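Asks: The following block contains the structure, expressed as structure tokens.
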Protein chains: 2
Amino acid sequence: MGRSVESNRRIRSERHQAILAASLDLFASRGLAATKVADIAEAAAISPGLVYHYFSSKGDIFVLLVDRAISRLNEAAAELEALAISPADKLRLALGGLLKNLEESEDAARTHLFMAQAAVSEATPEAARVVMTTRGRLPYDTIERIIRAGQDAGTVQTGDAGAMAQLFWSTIKGLALHRAVDGENYRSPEPAVLLRMFLVEGD
Amino acid sequence: MGRSVESNRRIRSERHQAILAASLDLFASRGLAATKVADIAEAAAISPGLVYHYFSSKGDIFVLLVDRAISRLNEAAAELEALAISPADKLRLALGGLLKNLEESEDAARTHLFMAQAAVSEATPEAARVVMTTRGRLPYDTIERIIRAGQDAGTVQTGDAGAMAQLFWSTIKGLALHRAVDGENYRSPEPAVLLRMFLVEGD
DNA sequence: GTCTATATCCAGATAGAC
DNA sequence: GTCTATCTGGATATAGAC
């Protein structure tokens, strides 16, 4: 008895993950409205009906994915800020890591794209929008603080720190978009090129 | 008789434009699938049925909009390249103009966003995809040539010109995305900041 | 040219058998 | 836990009156 309960728990978790993974992929490449539950089911290798055994609606899956993505990004942002290195090095690390991730990890690229779609589309569920506005600003604020600290130290270019933080993330999102469109043809830019926008020469 | 024919022609043109403008707006903010023909009709202040008097399907409107947007962008790119100024100045002009456009023109921002959605979504009609792949590369190629010319002249930073051209446009697209999401809160970056990625100091 | 009414289809979600 | 069959609503697109 304990055995079958355990087994069920594992199956449940596996299906759950499979549905989420399939949904992320499809939502990122087509958007919420153009993704059919039947597509999700097929990609997850289960029947359409079973999807509703795990989630109560297509929108619910979407909201959970938004929540997860934001949580991970916020964790990473908090970790970055806590590191005992200079602001300039934090920017180098962040940009280098993000570009590398974008280039190597299909999943990371999908997530960025998914979040971009979620943020921009007025068709996104209200619950997802709430999550984004309440918890989605942290990465922006974090980068803004780092930029400001760097400006105080004289290693980061002067200028509106808020606008520069926006620029930081919009560059990443733009590249994620390109990477999704161009696929194999995507050429990752050198981190040093992007860093020229933020760091002072030689720093 | 000539009078009413003329009048009809004008009405026809006006409705045509109204439908296209409304569709661009809605497609940009929600995507093709999430936009209902009823929404388009309402935004254009006509009945749903009348939309089909002017276009044979929702997808057709989409394709025409893609075609128009690409034509305009290609024209602008060709004009830019033909100017009798230095490559560095062409980049300054292009970037300055694009940022200014993004900031001041709601319509320009919408168009960038619309094209980004069209490019990225797998739900995009095949006909639109054909247009994008056959005629959509010109702006990229143009910027790439300008960058290469600047590199030869020593006024543009060295590096993979193709990757830099991609970076150029992905930055614009990323900003368009942000501008759409943040609306009033959008802070346009200084062109000089972006130019640091491309131009050598002091040029 | 424009509208209202409607046919038709398709996708989200549910029910119930296994 | 999983499937098949089905209900139901809503959206595209058409028909026909004005």
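Residue names in the structure tokens use chain letters A, B, ... in the order shown, residue numbers from 1 in each chain, and ligand numbers from 1 in the order shown.
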Which residues are close to DA15 of chain D, i.e. within 10 Å by only C-alpha atoms (C1' of nucleotides), leaving aside same-chain residues fewer than 3 positions away? Reply as a tab-separated table (two decimals) with C-alpha atoms (C1' of nucleotides), in the first residue's frame.
Replies:
```tsv
chain	number	residue	atom	x	y	z
C	5	DA	C1'	-29.19	36.74	-38.31
C	6	DT	C1'	-27.30	32.39	-38.69
C	7	DA	C1'	-24.73	28.21	-40.24
```
Asks: Name all residues at most 12 Å from DT14 of chain D (count only C-alpha atoms (C1' of nucleotides); drop same-chain ones fewer than 4 positions away) and give them as a PyMOL selection string.
Replies: (chain B and resi 48-50+52-53+56-57) or (chain C and resi 5-8)
Asks: Could you dump the residues just selected with N, CA and C atoms (P, O5', C5', C4', C3', O3' and C1' of nucleotides) as a PDB file, in the first residue's frame?
Replies:
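Dumped everything to part-v5.pdb:
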```pdb
ATOM      1  N   PRO B  48     -19.311  43.394 -37.516  1.00  0.00           N
ATOM      2  CA  PRO B  48     -18.414  42.264 -37.796  1.00  0.00           C
ATOM      3  C   PRO B  48     -18.525  41.782 -39.243  1.00  0.00           C
ATOM      4  N   GLY B  49     -19.754  41.721 -39.738  1.00  0.00           N
ATOM      5  CA  GLY B  49     -19.958  41.231 -41.094  1.00  0.00           C
ATOM      6  C   GLY B  49     -19.249  42.069 -42.142  1.00  0.00           C
ATOM      7  N   LEU B  50     -19.194  43.368 -41.881  1.00  0.00           N
ATOM      8  CA  LEU B  50     -18.614  44.260 -42.891  1.00  0.00           C
ATOM      9  C   LEU B  50     -17.115  44.039 -43.084  1.00  0.00           C
ATOM     10  N   TYR B  52     -15.721  41.369 -43.527  1.00  0.00           N
ATOM     11  CA  TYR B  52     -15.558  40.375 -44.591  1.00  0.00           C
ATOM     12  C   TYR B  52     -15.928  40.905 -45.973  1.00  0.00           C
ATOM     13  N   HIS B  53     -16.481  42.101 -45.972  1.00  0.00           N
ATOM     14  CA  HIS B  53     -16.727  42.740 -47.263  1.00  0.00           C
ATOM     15  C   HIS B  53     -15.413  43.336 -47.792  1.00  0.00           C
ATOM     16  N   SER B  56     -11.016  38.907 -46.933  1.00  0.00           N
ATOM     17  CA  SER B  56     -11.622  37.580 -46.975  1.00  0.00           C
ATOM     18  C   SER B  56     -11.394  36.789 -45.696  1.00  0.00           C
ATOM     19  N   SER B  57     -10.452  37.197 -44.889  1.00  0.00           N
ATOM     20  CA  SER B  57     -10.251  36.509 -43.620  1.00  0.00           C
ATOM     21  C   SER B  57      -9.391  37.343 -42.677  1.00  0.00           C
TER      22      SER B  57
ATOM     23  P    DA C   5     -31.102  40.532 -35.496  1.00  0.00           P
ATOM     24  O5'  DA C   5     -30.935  39.198 -36.368  1.00  0.00           O
ATOM     25  C5'  DA C   5     -31.583  39.113 -37.628  1.00  0.00           C
ATOM     26  C4'  DA C   5     -31.309  37.753 -38.241  1.00  0.00           C
ATOM     27  C3'  DA C   5     -31.273  36.604 -37.229  1.00  0.00           C
ATOM     28  O3'  DA C   5     -31.840  35.443 -37.832  1.00  0.00           O
ATOM     29  C1'  DA C   5     -29.193  36.743 -38.314  1.00  0.00           C
ATOM     30  P    DT C   6     -31.987  34.089 -36.983  1.00  0.00           P
ATOM     31  O5'  DT C   6     -30.834  33.207 -37.653  1.00  0.00           O
ATOM     32  C5'  DT C   6     -30.704  33.189 -39.078  1.00  0.00           C
ATOM     33  C4'  DT C   6     -29.483  32.363 -39.457  1.00  0.00           C
ATOM     34  C3'  DT C   6     -29.242  31.135 -38.585  1.00  0.00           C
ATOM     35  O3'  DT C   6     -28.795  30.088 -39.425  1.00  0.00           O
ATOM     36  C1'  DT C   6     -27.304  32.387 -38.691  1.00  0.00           C
ATOM     37  P    DA C   7     -29.428  28.660 -39.346  1.00  0.00           P
ATOM     38  O5'  DA C   7     -28.361  27.791 -40.155  1.00  0.00           O
ATOM     39  C5'  DA C   7     -27.997  28.201 -41.466  1.00  0.00           C
ATOM     40  C4'  DA C   7     -26.525  27.924 -41.710  1.00  0.00           C
ATOM     41  C3'  DA C   7     -26.063  26.541 -41.252  1.00  0.00           C
ATOM     42  O3'  DA C   7     -25.224  26.012 -42.264  1.00  0.00           O
ATOM     43  C1'  DA C   7     -24.734  28.208 -40.236  1.00  0.00           C
ATOM     44  P    DT C   8     -24.828  24.494 -42.229  1.00  0.00           P
ATOM     45  O5'  DT C   8     -23.349  24.553 -41.666  1.00  0.00           O
ATOM     46  C5'  DT C   8     -22.467  25.585 -42.154  1.00  0.00           C
ATOM     47  C4'  DT C   8     -21.216  25.564 -41.321  1.00  0.00           C
ATOM     48  C3'  DT C   8     -20.864  24.177 -40.770  1.00  0.00           C
ATOM     49  O3'  DT C   8     -19.575  23.866 -41.225  1.00  0.00           O
ATOM     50  C1'  DT C   8     -20.739  25.826 -39.077  1.00  0.00           C
TER      51       DT C   8
END
```
Asks: Determine which residues of chain D sit within 10 Å of chain B, taking into account only C-alpha atoms (C1' of nucleotides), and present them as a list in words.
Replies: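 So the residues of chain D near chain B are DA11, DT12, DA13 and DT14 of chain D.
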Asks: If you run DSSP on this backbone, which residues of chain A come out as helix (DSSP H, G or I), and could you give them as a ChimeraX atom specification?
Replies: /A:2-30,37-43,48-54,58-82,87-104,106-120,126-135,138-153,161-185,191-198
Asks: Identify all chain C residues at most 10 Å from chain B by counting only C-alpha atoms (C1' of nucleotides); ligands do not count. Present them as a ChimeraX atom specification.
Replies: /C:1-4
Asks: Enumerate, in order of chain and increasing residue number, the residues of segment 59-139 of chain A with an atom no farther than 12 Å from segment 181-192 of chain A, each with its shortest atom pair and distance in Å to one decimal, counting only C-alpha atoms, as JSON lines.
Replies:
```
{"residue": "A:Leu91", "atom": "CA", "partner": "A:Pro191", "partner_atom": "CA", "distance": 10.1}
{"residue": "A:Arg92", "atom": "CA", "partner": "A:Pro191", "partner_atom": "CA", "distance": 7.7}
{"residue": "A:Leu93", "atom": "CA", "partner": "A:Pro191", "partner_atom": "CA", "distance": 9.5}
{"residue": "A:Ala94", "atom": "CA", "partner": "A:Pro191", "partner_atom": "CA", "distance": 9.8}
{"residue": "A:Leu95", "atom": "CA", "partner": "A:Pro191", "partner_atom": "CA", "distance": 6.4}
{"residue": "A:Gly96", "atom": "CA", "partner": "A:Pro191", "partner_atom": "CA", "distance": 5.6}
{"residue": "A:Gly97", "atom": "CA", "partner": "A:Pro191", "partner_atom": "CA", "distance": 9.2}
{"residue": "A:Leu98", "atom": "CA", "partner": "A:Pro191", "partner_atom": "CA", "distance": 9.4}
{"residue": "A:Leu99", "atom": "CA", "partner": "A:Ser188", "partner_atom": "CA", "distance": 7.0}
{"residue": "A:Lys100", "atom": "CA", "partner": "A:Ser188", "partner_atom": "CA", "distance": 8.2}
{"residue": "A:Asn101", "atom": "CA", "partner": "A:Ser188", "partner_atom": "CA", "distance": 10.4}
{"residue": "A:Leu102", "atom": "CA", "partner": "A:Ser188", "partner_atom": "CA", "distance": 8.3}
{"residue": "A:Glu103", "atom": "CA", "partner": "A:Ser188", "partner_atom": "CA", "distance": 6.5}
{"residue": "A:Glu104", "atom": "CA", "partner": "A:Ser188", "partner_atom": "CA", "distance": 10.0}
{"residue": "A:Ser105", "atom": "CA", "partner": "A:Gly183", "partner_atom": "CA", "distance": 11.9}
{"residue": "A:Glu106", "atom": "CA", "partner": "A:Gly183", "partner_atom": "CA", "distance": 9.7}
{"residue": "A:Ala109", "atom": "CA", "partner": "A:Gly183", "partner_atom": "CA", "distance": 10.3}
{"residue": "A:Arg110", "atom": "CA", "partner": "A:Val181", "partner_atom": "CA", "distance": 11.1}
{"residue": "A:Leu113", "atom": "CA", "partner": "A:Val181", "partner_atom": "CA", "distance": 10.3}
```
Asks: Enumerate, in order of chain and increasing residue number, the residues of chain B with an atom no farther than 6 Å from chain A, each with its shortest atom pair and distance in Å to one decimal, counting only C-alpha atoms, as a tab-separated table.
Replies:
```
residue	atom	partner	partner_atom	distance
B:Ser29	CA	A:Ser121	CA	5.3
B:Arg30	CA	A:Ser121	CA	4.6
B:Ala33	CA	A:Ala34	CA	5.2
B:Ala34	CA	A:Ala33	CA	5.2
B:Val120	CA	A:Val181	CA	5.4
B:Ser121	CA	A:Arg30	CA	4.6
B:Glu122	CA	A:Arg30	CA	5.2
B:Ala123	CA	A:Arg30	CA	5.5
B:Ala163	CA	A:Arg187	CA	5.4
B:Ser170	CA	A:Gly174	CA	4.3
B:Thr171	CA	A:Thr171	CA	4.9
B:Lys173	CA	A:Gly174	CA	5.5
B:Gly174	CA	A:Gly174	CA	4.0
B:Leu175	CA	A:Ser170	CA	5.4
B:Val181	CA	A:Val120	CA	5.4
B:Arg187	CA	A:Ala163	CA	5.5
B:Pro189	CA	A:Ala163	CA	5.7
B:Val193	CA	A:Met197	CA	5.4
B:Arg196	CA	A:Met197	CA	5.5
B:Met197	CA	A:Val193	CA	5.4
```
Asks: Counting only C-alpha atoms (C1' of nucleotides), what is within 9 Å of Arg137 of chain A, bar same-chain residues fewer than 5 positions away, as an NGL selection string?
Replies: :A and (74 or 132 or 142)
Asks: Suppose you want the space between atom CA of Asp60 of chain B and atom CA of Pro139 of chain B; what is it in Å?
Replies: 24.1 Å
